[in-house]
file final-v1.cif (mmCIF, C-alpha atoms and all ligand atoms)
data_entry
loop_
_atom_site.label_atom_id
_atom_site.label_comp_id
_atom_site.auth_asym_id
_atom_site.auth_seq_id
_atom_site.Cartn_x
_atom_site.Cartn_y
_atom_site.Cartn_z
CA MET A 1 -0.70 -43.17 29.40
CA LYS A 2 -2.69 -41.43 32.15
CA LEU A 3 -1.25 -38.51 34.05
CA ASP A 4 -1.23 -38.20 37.83
CA PRO A 5 -3.81 -35.68 39.17
CA ARG A 6 -1.23 -32.91 39.82
CA ARG A 7 0.20 -33.00 36.31
CA GLU A 8 -3.26 -33.25 34.77
CA GLN A 9 -4.45 -30.23 36.74
CA LEU A 10 -1.39 -28.19 35.79
CA LEU A 11 -1.85 -29.17 32.16
CA ARG A 12 -5.40 -27.86 32.28
CA ARG A 13 -3.93 -24.52 33.40
CA THR A 14 -1.51 -24.43 30.44
CA PHE A 15 -2.08 -23.03 26.95
CA LEU A 16 -1.04 -25.64 24.40
CA ASP A 17 0.10 -24.74 20.88
CA TYR A 18 -2.77 -25.02 18.39
CA GLN A 19 -4.33 -27.94 20.20
CA GLN A 20 -7.40 -28.84 22.20
CA THR A 21 -6.34 -29.72 25.75
CA ALA A 22 -8.98 -32.48 25.94
CA ASP A 23 -7.48 -34.03 22.83
CA PHE A 24 -3.93 -33.72 24.16
CA LEU A 25 -5.02 -35.36 27.41
CA ARG A 26 -5.97 -38.53 25.54
CA HIS A 27 -2.25 -39.22 24.97
CA PRO A 28 -0.45 -36.63 27.09
CA LEU A 29 3.23 -36.43 26.19
CA VAL A 30 4.97 -34.83 29.17
CA LEU A 31 8.69 -34.98 28.50
CA ASP A 32 11.48 -34.94 30.98
CA ARG A 33 14.75 -35.19 29.05
CA ALA A 34 16.25 -35.58 25.60
CA GLU A 35 19.51 -36.83 24.15
CA GLY A 36 20.48 -37.37 20.52
CA LEU A 37 17.54 -38.94 18.72
CA TYR A 38 15.45 -39.66 21.80
CA TYR A 39 13.09 -38.11 24.30
CA TRP A 40 12.16 -39.61 27.67
CA ASP A 41 8.86 -38.81 29.33
CA TRP A 42 8.22 -38.12 33.02
CA GLN A 43 7.87 -41.86 33.65
CA GLY A 44 11.10 -42.75 31.90
CA LYS A 45 9.55 -44.11 28.69
CA ARG A 46 11.78 -43.51 25.65
CA TYR A 47 10.56 -42.08 22.31
CA PHE A 48 12.37 -41.95 18.96
CA ASP A 49 12.11 -38.32 17.84
CA ALA A 50 11.73 -38.82 14.11
CA ILE A 51 10.68 -35.20 13.50
CA GLY A 52 13.42 -33.47 15.52
CA GLY A 53 10.99 -31.60 17.79
CA ILE A 54 9.19 -30.35 14.67
CA PHE A 55 12.11 -29.63 12.35
CA VAL A 56 14.29 -28.12 15.06
CA ALA A 57 16.77 -30.58 16.59
CA THR A 58 18.40 -31.26 13.23
CA LEU A 59 21.72 -32.26 14.81
CA GLY A 60 20.00 -34.22 17.56
CA HIS A 61 19.13 -33.12 21.08
CA ARG A 62 21.88 -31.66 23.26
CA HIS A 63 24.57 -32.15 20.64
CA PRO A 64 27.96 -32.10 22.47
CA ARG A 65 29.54 -29.42 20.27
CA LEU A 66 26.55 -27.12 20.70
CA MET A 67 26.37 -27.75 24.45
CA ALA A 68 30.06 -26.87 24.72
CA ALA A 69 29.52 -23.62 22.79
CA LEU A 70 26.58 -22.80 25.06
CA GLU A 71 28.59 -23.51 28.21
CA ARG A 72 31.51 -21.35 27.02
CA GLN A 73 29.12 -18.45 26.40
CA LEU A 74 27.25 -19.09 29.67
CA ALA A 75 30.51 -18.56 31.50
CA LYS A 76 31.05 -15.18 29.80
CA MET A 77 27.80 -13.27 29.22
CA THR A 78 24.16 -14.21 28.74
CA LEU A 79 22.63 -10.86 27.77
CA ALA A 80 23.79 -7.78 25.91
CA PRO A 81 21.88 -4.57 26.68
CA PRO A 82 19.40 -3.93 23.85
CA MET A 83 19.79 -0.42 22.35
CA HIS A 84 22.92 0.35 24.34
CA GLY A 85 25.28 -2.35 23.17
CA ILE A 86 25.72 -5.50 21.14
CA ALA A 87 27.38 -8.79 22.04
CA ASP A 88 30.70 -9.43 20.35
CA VAL A 89 29.49 -12.97 19.66
CA ALA A 90 26.49 -11.46 17.78
CA LEU A 91 28.99 -9.94 15.32
CA ASP A 92 30.74 -13.32 14.98
CA PHE A 93 27.31 -14.78 14.25
CA VAL A 94 26.67 -12.27 11.43
CA GLU A 95 30.09 -13.13 10.00
CA LYS A 96 29.51 -16.89 10.22
CA ILE A 97 26.03 -16.82 8.69
CA GLY A 98 27.37 -14.62 5.89
CA THR A 99 29.76 -17.41 4.87
CA VAL A 100 26.90 -19.79 4.03
CA THR A 101 24.09 -17.59 2.66
CA PRO A 102 23.37 -17.40 -1.08
CA GLY A 103 24.26 -14.31 -3.17
CA ASN A 104 24.87 -11.13 -1.22
CA LEU A 105 22.44 -11.95 1.59
CA LYS A 106 24.70 -10.70 4.35
CA TYR A 107 22.72 -8.00 6.17
CA MET A 108 21.03 -9.57 9.13
CA LYS A 109 19.23 -9.35 12.44
CA SER A 110 18.71 -12.27 14.77
CA PHE A 111 15.67 -13.02 16.92
CA SER A 112 14.09 -15.51 19.28
CA GLY A 113 12.02 -17.39 16.71
CA GLY A 114 10.70 -17.75 13.20
CA SER A 115 7.60 -15.60 13.70
CA GLU A 116 9.74 -12.69 14.83
CA ALA A 117 11.90 -13.11 11.75
CA ILE A 118 8.84 -12.99 9.45
CA GLU A 119 7.30 -10.09 11.36
CA SER A 120 10.52 -8.19 11.06
CA ALA A 121 10.81 -8.92 7.31
CA ILE A 122 7.34 -7.43 6.78
CA LYS A 123 8.28 -4.23 8.62
CA PHE A 124 11.73 -4.10 7.06
CA VAL A 125 10.44 -4.33 3.48
CA ARG A 126 7.73 -1.72 4.08
CA GLN A 127 10.25 0.69 5.58
CA TYR A 128 12.75 -0.08 2.80
CA PHE A 129 10.28 0.98 0.14
CA LYS A 130 9.33 4.14 2.03
CA GLN A 131 13.02 5.08 2.09
CA THR A 132 13.77 4.22 -1.54
CA GLY A 133 11.12 6.28 -3.32
CA HIS A 134 8.24 3.77 -3.40
CA PRO A 135 6.12 4.71 -0.36
CA GLY A 136 2.99 3.09 -1.85
CA LYS A 137 4.44 -0.42 -1.83
CA TYR A 138 2.98 -2.12 1.24
CA LYS A 139 1.09 -5.25 0.14
CA PHE A 140 2.37 -8.77 0.57
CA ILE A 141 1.36 -11.77 -1.47
CA SER A 142 1.71 -15.20 0.09
CA ARG A 143 0.03 -18.58 -0.31
CA TYR A 144 -3.03 -20.37 0.96
CA HIS A 145 -2.08 -23.37 3.15
CA GLY A 146 1.20 -21.66 4.08
CA TYR A 147 2.28 -21.05 7.67
CA HIS A 148 4.59 -18.21 8.63
CA GLY A 149 4.08 -17.93 12.36
CA GLY A 150 1.70 -17.08 15.16
CA THR A 151 2.14 -13.31 15.52
CA ALA A 152 -0.27 -10.85 13.88
CA GLY A 153 1.72 -10.03 10.73
CA ALA A 154 3.01 -13.58 10.27
CA MET A 155 -0.55 -14.89 10.71
CA ALA A 156 -1.84 -12.40 8.12
CA ALA A 157 0.75 -13.81 5.73
CA SER A 158 -0.28 -17.38 6.59
CA GLY A 159 -3.06 -19.12 4.70
CA THR A 160 -4.27 -21.56 7.30
CA GLY A 161 -8.07 -21.26 7.59
CA SER A 162 -9.39 -21.33 11.14
CA ARG A 163 -6.03 -20.52 12.70
CA LYS A 164 -6.60 -17.09 11.14
CA THR A 165 -10.34 -16.57 11.09
CA LYS A 166 -10.56 -16.74 14.89
CA PHE A 167 -8.70 -13.45 14.99
CA GLU A 168 -10.20 -11.60 12.08
CA PRO A 169 -10.14 -8.89 10.95
CA GLN A 170 -6.57 -9.58 9.94
CA MET A 171 -3.89 -7.01 9.41
CA PRO A 172 -4.73 -5.40 6.03
CA GLY A 173 -2.54 -5.57 2.93
CA PHE A 174 -2.11 -9.36 2.65
CA LEU A 175 -3.18 -11.24 -0.49
CA LYS A 176 -3.09 -14.93 -1.27
CA VAL A 177 -2.43 -17.19 -4.21
CA PHE A 178 -2.62 -20.98 -4.26
CA PRO A 179 0.48 -23.18 -4.11
CA PRO A 180 1.00 -25.73 -6.92
CA THR A 181 -0.26 -28.57 -4.69
CA TYR A 182 -3.77 -27.09 -4.84
CA TYR A 183 -4.04 -27.40 -8.64
CA ARG A 184 -2.02 -30.54 -9.18
CA ASP A 185 -4.91 -32.71 -10.39
CA ARG A 186 -5.96 -30.14 -12.96
CA PHE A 187 -2.83 -30.26 -15.13
CA GLN A 188 -1.24 -32.88 -17.34
CA SER A 189 2.11 -32.46 -15.62
CA TRP A 190 3.58 -31.18 -12.37
CA GLN A 191 5.81 -28.84 -14.41
CA GLU A 192 2.83 -27.27 -16.13
CA CYS A 193 1.02 -26.87 -12.82
CA ASN A 194 4.02 -25.13 -11.23
CA ARG A 195 4.40 -22.81 -14.24
CA PHE A 196 0.74 -21.81 -14.00
CA CYS A 197 0.92 -21.11 -10.27
CA ALA A 198 4.08 -19.02 -10.55
CA ARG A 199 2.64 -16.96 -13.41
CA MET A 200 -0.51 -16.33 -11.41
CA VAL A 201 1.63 -14.22 -9.07
CA GLU A 202 2.34 -11.83 -11.95
CA ASP A 203 -1.38 -11.50 -12.67
CA VAL A 204 -2.03 -10.58 -9.03
CA ILE A 205 0.80 -8.02 -8.96
CA VAL A 206 -0.38 -6.38 -12.19
CA ASN A 207 -4.01 -6.29 -11.12
CA GLU A 208 -3.16 -4.90 -7.68
CA ASP A 209 -0.85 -2.28 -9.27
CA PRO A 210 2.86 -3.08 -8.90
CA GLU A 211 3.46 0.22 -7.10
CA THR A 212 1.41 -1.15 -4.18
CA VAL A 213 3.05 -4.59 -3.92
CA ALA A 214 6.06 -4.91 -1.61
CA GLY A 215 6.80 -8.62 -1.29
CA PHE A 216 6.04 -12.23 -2.04
CA ILE A 217 6.49 -14.56 0.94
CA VAL A 218 6.93 -18.26 0.24
CA GLU A 219 8.08 -21.42 2.00
CA PRO A 220 10.36 -23.15 -0.55
CA ILE A 221 8.80 -26.45 0.52
CA GLY A 222 5.52 -25.96 2.34
CA ASN A 223 4.61 -27.95 5.40
CA THR A 224 1.06 -27.32 6.60
CA GLY A 225 -0.44 -27.82 3.12
CA GLY A 226 1.41 -31.06 2.36
CA ILE A 227 5.16 -31.48 1.99
CA VAL A 228 5.44 -31.47 -1.80
CA THR A 229 8.50 -30.13 -3.62
CA PRO A 230 7.85 -27.51 -6.32
CA THR A 231 9.92 -27.44 -9.50
CA GLU A 232 13.07 -25.32 -9.86
CA GLU A 233 11.29 -23.50 -12.66
CA TYR A 234 8.57 -22.39 -10.21
CA PHE A 235 11.14 -20.42 -8.27
CA GLN A 236 12.91 -19.15 -11.41
CA ILE A 237 9.62 -17.71 -12.67
CA LEU A 238 8.89 -16.16 -9.26
CA ARG A 239 12.38 -14.64 -9.22
CA GLU A 240 11.90 -13.10 -12.69
CA ILE A 241 8.48 -11.71 -11.81
CA CYS A 242 9.64 -10.21 -8.50
CA THR A 243 12.65 -8.58 -10.17
CA ARG A 244 10.50 -7.20 -13.00
CA TYR A 245 8.05 -5.49 -10.61
CA ASN A 246 10.50 -4.55 -7.83
CA VAL A 247 8.77 -6.92 -5.42
CA MET A 248 10.92 -8.47 -2.67
CA LEU A 249 11.10 -12.25 -2.88
CA ILE A 250 11.10 -13.51 0.71
CA PHE A 251 11.92 -17.14 1.41
CA ASP A 252 10.56 -18.46 4.69
CA GLU A 253 13.29 -21.00 5.41
CA VAL A 254 12.28 -21.55 9.03
CA ILE A 255 11.85 -25.25 8.21
CA THR A 256 14.00 -25.67 5.10
CA GLY A 257 17.11 -23.83 6.31
CA PHE A 258 20.34 -25.29 7.67
CA GLY A 259 20.96 -28.36 5.61
CA ARG A 260 17.51 -29.87 5.48
CA THR A 261 17.09 -29.84 1.68
CA GLY A 262 20.62 -30.92 0.80
CA SER A 263 22.16 -27.42 0.82
CA MET A 264 22.52 -24.93 3.64
CA PHE A 265 19.39 -23.15 2.36
CA ALA A 266 16.63 -24.33 0.03
CA ALA A 267 17.43 -21.23 -2.04
CA GLN A 268 20.68 -22.97 -3.01
CA THR A 269 18.90 -26.27 -3.63
CA PHE A 270 16.52 -24.55 -6.06
CA GLY A 271 19.28 -22.33 -7.52
CA VAL A 272 17.38 -19.09 -6.88
CA THR A 273 18.52 -16.22 -4.68
CA PRO A 274 15.71 -14.41 -2.88
CA ASP A 275 15.99 -10.84 -1.55
CA LEU A 276 15.41 -11.95 2.03
CA ILE A 277 15.55 -15.19 3.97
CA CYS A 278 13.78 -15.73 7.29
CA CYS A 279 15.00 -18.65 9.35
CA GLY A 280 14.90 -20.18 12.82
CA LYS A 281 14.32 -23.69 14.18
CA GLY A 282 17.36 -25.75 13.03
CA LEU A 283 19.68 -22.76 13.43
CA SER A 284 20.09 -23.72 17.09
CA SER A 285 19.15 -27.40 16.79
CA GLY A 286 16.71 -26.68 19.60
CA ILE A 287 19.27 -25.58 22.19
CA MET A 288 18.23 -21.93 22.27
CA PRO A 289 15.20 -20.03 20.93
CA ILE A 290 16.44 -18.48 17.69
CA GLY A 291 15.42 -16.80 14.45
CA ALA A 292 17.05 -14.56 11.87
CA MET A 293 16.14 -12.23 9.03
CA ILE A 294 18.81 -12.02 6.37
CA ALA A 295 18.58 -9.37 3.64
CA ARG A 296 20.63 -8.27 0.63
CA GLU A 297 23.70 -6.38 1.79
CA ASP A 298 22.95 -3.46 -0.55
CA MET A 299 19.54 -2.95 1.13
CA ALA A 300 21.47 -1.71 4.17
CA GLU A 301 22.24 1.53 2.33
CA ALA A 302 18.62 2.62 2.68
CA PHE A 303 19.00 2.42 6.48
CA TRP A 304 22.48 3.85 7.09
CA GLY A 305 22.06 7.63 6.71
CA LYS A 306 23.96 10.03 8.96
CA ALA A 307 23.98 9.80 12.77
CA GLU A 308 21.28 12.49 13.06
CA ASP A 309 18.99 10.88 10.43
CA ASP A 310 15.91 8.83 11.28
CA VAL A 311 16.27 6.07 8.69
CA HIS A 312 17.43 3.20 10.93
CA PHE A 313 15.30 0.05 10.92
CA ALA A 314 12.70 0.90 13.56
CA HIS A 315 12.47 -2.55 15.11
CA GLY A 316 13.85 -4.45 18.08
CA HIS A 317 13.36 -7.16 20.67
CA THR A 318 14.89 -7.59 24.12
CA PHE A 319 16.27 -10.99 23.19
CA ALA A 320 17.32 -10.13 19.62
CA GLY A 321 20.94 -11.11 19.09
CA ASN A 322 21.01 -12.99 22.37
CA PRO A 323 24.63 -14.05 23.05
CA LEU A 324 23.74 -17.62 24.02
CA ALA A 325 21.66 -18.13 20.88
CA CYS A 326 24.38 -16.60 18.70
CA ALA A 327 27.08 -18.82 20.21
CA VAL A 328 24.99 -21.93 19.53
CA GLY A 329 24.06 -20.74 16.01
CA ILE A 330 27.74 -20.38 15.08
CA ALA A 331 28.45 -23.91 16.33
CA VAL A 332 25.50 -25.30 14.32
CA VAL A 333 26.79 -23.78 11.08
CA GLU A 334 30.33 -25.01 11.79
CA GLU A 335 29.11 -28.54 12.49
CA ILE A 336 26.99 -28.66 9.32
CA VAL A 337 29.84 -27.34 7.15
CA GLU A 338 32.69 -29.35 8.69
CA LYS A 339 30.82 -32.65 8.71
CA GLY A 340 29.24 -32.13 5.27
CA LEU A 341 25.80 -32.68 6.80
CA ALA A 342 23.87 -30.90 4.04
CA GLU A 343 25.29 -33.33 1.46
CA ARG A 344 24.55 -36.20 3.84
CA ALA A 345 20.94 -35.00 4.14
CA ARG A 346 20.71 -34.99 0.36
CA GLU A 347 22.03 -38.57 0.08
CA LEU A 348 19.81 -39.90 2.84
CA GLY A 349 16.84 -37.91 1.55
CA GLU A 350 17.20 -39.45 -1.89
CA TYR A 351 17.52 -42.93 -0.36
CA LEU A 352 14.43 -42.42 1.80
CA ALA A 353 12.42 -40.92 -1.08
CA GLY A 354 13.37 -43.90 -3.27
CA LYS A 355 12.18 -46.35 -0.62
CA LEU A 356 8.95 -44.43 0.01
CA GLU A 357 8.20 -44.30 -3.70
CA GLY A 358 8.62 -48.09 -3.74
CA LEU A 359 5.76 -48.28 -1.27
C1 LIG B 1 7.53 -22.16 7.80
C2 LIG B 1 7.43 -21.56 9.15
N1 LIG B 1 7.58 -20.23 9.29
C3 LIG B 1 7.52 -19.64 10.49
C4 LIG B 1 7.27 -20.36 11.64
C5 LIG B 1 7.20 -19.67 12.97
O1 LIG B 1 8.33 -19.96 13.73
P1 LIG B 1 8.25 -19.92 15.33
O2 LIG B 1 7.30 -20.98 15.76
O3 LIG B 1 9.69 -20.18 15.75
O4 LIG B 1 7.82 -18.55 15.71
C6 LIG B 1 7.10 -21.76 11.55
C7 LIG B 1 6.83 -22.57 12.75
O5 LIG B 1 6.49 -23.70 12.72
C8 LIG B 1 7.18 -22.36 10.28
O6 LIG B 1 7.00 -23.69 10.13
#

call {"tool": "encode", "arguments": {"input": "final-v1.cif", "output": "structure tokens", "more": "lines below"}}
Ligand SMILES: Cc1ncc(COP(=O)(O)O)c(C=O)c1O
result
Amino acid sequence: MKLDPRREQLLRRTFLDYQQTADFLRHPLVLDRAEGLYYWDWQGKRYFDAIGGIFVATLGHRHPRLMAALERQLAKMTLAPPMHGIADVALDFVEKIGTVTPGNLKYMKSFSGGSEAIESAIKFVRQYFKQTGHPGKYKFISRYHGYHGGTAGAMAASGTGSRKTKFEPQMPGFLKVFPPTYYRDRFQSWQECNRFCARMVEDVIVNEDPETVAGFIVEPIGNTGGIVTPTEEYFQILREICTRYNVMLIFDEVITGFGRTGSMFAAQTFGVTPDLICCGKGLSSGIMPIGAMIAREDMAEAFWGKAEDDVHFAHGHTFAGNPLACAVGIAVVEEIVEKGLAERARELGEYLAGKLEGL
């Protein structure tokens, strides 16, 4: 559908996400409104949003419960002063998220998006090791074909070819291994392939010197490199290796979090508890920009200190812990839990997978 000259001109003055404007202009999707499972464009044409605004609107667009939570908060307060105060609803948010996270992942900070959550995890883990007697641990291992966000640190952790090389040199201290999908034709079985790829992480840690390696960042189910589910054993092996070498296992659950894999987090689906989870997207079902970094509660001890100490996590954003986002996030978690939506996603996922395999 062609655009009118005004819209076309304005589009040419807009930066699009990871896309050539000339390509976008061949089928320009300029949207006007959304409700439930549908979008409508500026000319009133309706679209079925099968991907939830890229893995975001998991409860549908403008879900009534979430809109009500947003409106209640809108009527009270829309911003808490960063550094000088915190919104009461941000504390409720910490409490609510803590009821659904795996293990003792209860220490958290919320943000405006997934990249901020990843960026913060990188800084948090580096500072954690400096304050717990391992100042040389600064390297992160992640995977080729993975995507962790568009900011400098998150991009350095990503393994997505030209999205990165345009900005090289990258932030130093980031190493890559291949995900199981890369080797899958070279093994007799998927299990064997996953085992090999997980064990490769140990080889990298040992060869780099474990006292220099801080974390392993992984999407439980990758997206940019092909949506293929690893085995549970893959994550068990990664967990053992990370524990053995005091390397933080960081799950990027920006896509997989909040019911999408049949549990609240993919960590629960795979039965493995990481040291940190980064999330975003579905946490607000698209109603507010949101992200969160959730760490082991005991890691907080390294940052408490006395009032006069300088061990606090040296990180912040103006919109971190935004009251509107927190209010919506609480409502999302309540809706998923009360309606059993994670279990529903599992049932429907199995049904869909069965049908697709039939094809
Ligand atoms: C796995 C993963 N991590 C991180 C991000 C970055 O999140 P955001 O775009 O909210 O900054 C994305 C975004 O698509 C993602 O898919």

call {"tool": "residues_around", "arguments": {"input": "final-v1.cif", "residues": "Gln236 in chain A", "least_positions_apart": "4", "cutoff": "10 Å", "atoms": "all atoms listed in the file", "output": "ChimeraX atom specification"}}
result
/A:195,198,231-232,240-242,270-273

call {"tool": "residues_around", "arguments": {"input": "final-v1.cif", "residues": "Gln170 in chain A", "least_positions_apart": "3", "cutoff": "8 Å", "atoms": "all atoms listed in the file", "output": "ChimeraX atom specification"}}
result
/A:152,156,164,167

call {"tool": "closest_atom_pairs", "arguments": {"input": "final-v1.cif", "of": "chain A", "to": "ligand LIG 1 (chain B)", "cutoff": "7 Å", "atoms": "all atoms listed in the file", "output": "tab-separated table"}}
result
residue	atom	partner	partner_atom	distance
A:Gly113	CA	B:LIG1	O3	3.8
A:Gly114	CA	B:LIG1	O1	3.3
A:Ser115	CA	B:LIG1	O4	3.6
A:Glu116	CA	B:LIG1	O4	6.2
A:Ile118	CA	B:LIG1	C3	6.9
A:Tyr147	CA	B:LIG1	C1	5.4
A:His148	CA	B:LIG1	N1	3.7
A:Gly149	CA	B:LIG1	C5	3.6
A:Gly150	CA	B:LIG1	O4	6.3
A:Glu219	CA	B:LIG1	C1	5.9
A:Gly222	CA	B:LIG1	C1	6.9
A:Asn223	CA	B:LIG1	O6	6.8
A:Asp252	CA	B:LIG1	C1	5.7
A:Glu253	CA	B:LIG1	C1	6.3
A:Val254	CA	B:LIG1	C2	4.9
A:Ile255	CA	B:LIG1	C1	5.3
A:Gly280	CA	B:LIG1	O3	6.0
A:Lys281	CA	B:LIG1	O3	6.0
A:Gly291	CA	B:LIG1	O3	6.8

call {"tool": "atom_distance", "arguments": {"input": "final-v1.cif", "atom1": "CA of Thr318 in chain A", "atom2": "CA of Lys166 in chain A"}}
result
28.6 Å

call {"tool": "residues_around", "arguments": {"input": "final-v1.cif", "residues": "range 122-138 of chain A", "least_positions_apart": "6", "cutoff": "7 Å", "atoms": "all atoms listed in the file", "output": "PyMOL selection string"}}
result
chain A and resi 173+211-214+302+313

call {"tool": "closest_residue", "arguments": {"input": "final-v1.cif", "among": "A:Met171, A:Leu348, A:Leu70, A:Cys193", "to": "Thr261 in chain A", "atoms": "all atoms listed in the file"}}
result
A:Leu348

call {"tool": "closest_residue", "arguments": {"input": "final-v1.cif", "among": "A:Pro5, A:Gly161, A:Gly358, A:Gly259", "to": "Lys339 in chain A", "atoms": "only C-alpha atoms"}}
result
A:Gly259

call {"tool": "closest_residue", "arguments": {"input": "final-v1.cif", "among": "A:Arg296, A:Arg6, A:Lys109, A:His145", "to": "Cys279 in chain A", "atoms": "all atoms listed in the file"}}
result
A:Lys109

call {"tool": "closest_residue", "arguments": {"input": "final-v1.cif", "among": "A:Leu11, A:Ile294, A:Ala266, A:Cys326", "to": "Asp23 in chain A", "atoms": "all atoms listed in the file"}}
result
A:Leu11

call {"tool": "closest_residue", "arguments": {"input": "final-v1.cif", "among": "A:Ser263, A:Thr21, A:Gln9, A:Ser162", "to": "Leu341 in chain A", "atoms": "all atoms listed in the file"}}
result
A:Ser263

call {"tool": "residues_around", "arguments": {"input": "final-v1.cif", "residues": "Gln43 in chain A", "least_positions_apart": "2", "cutoff": "10 Å", "atoms": "only C-alpha atoms", "output": "number ranges by chain"}}
result
A: 1, 3, 30-32, 40-41, 45-46

call {"tool": "closest_residue", "arguments": {"input": "final-v1.cif", "among": "A:Tyr182, A:Tyr39, A:Trp304, A:Phe55", "to": "Gly286 in chain A", "atoms": "all atoms listed in the file"}}
result
A:Phe55
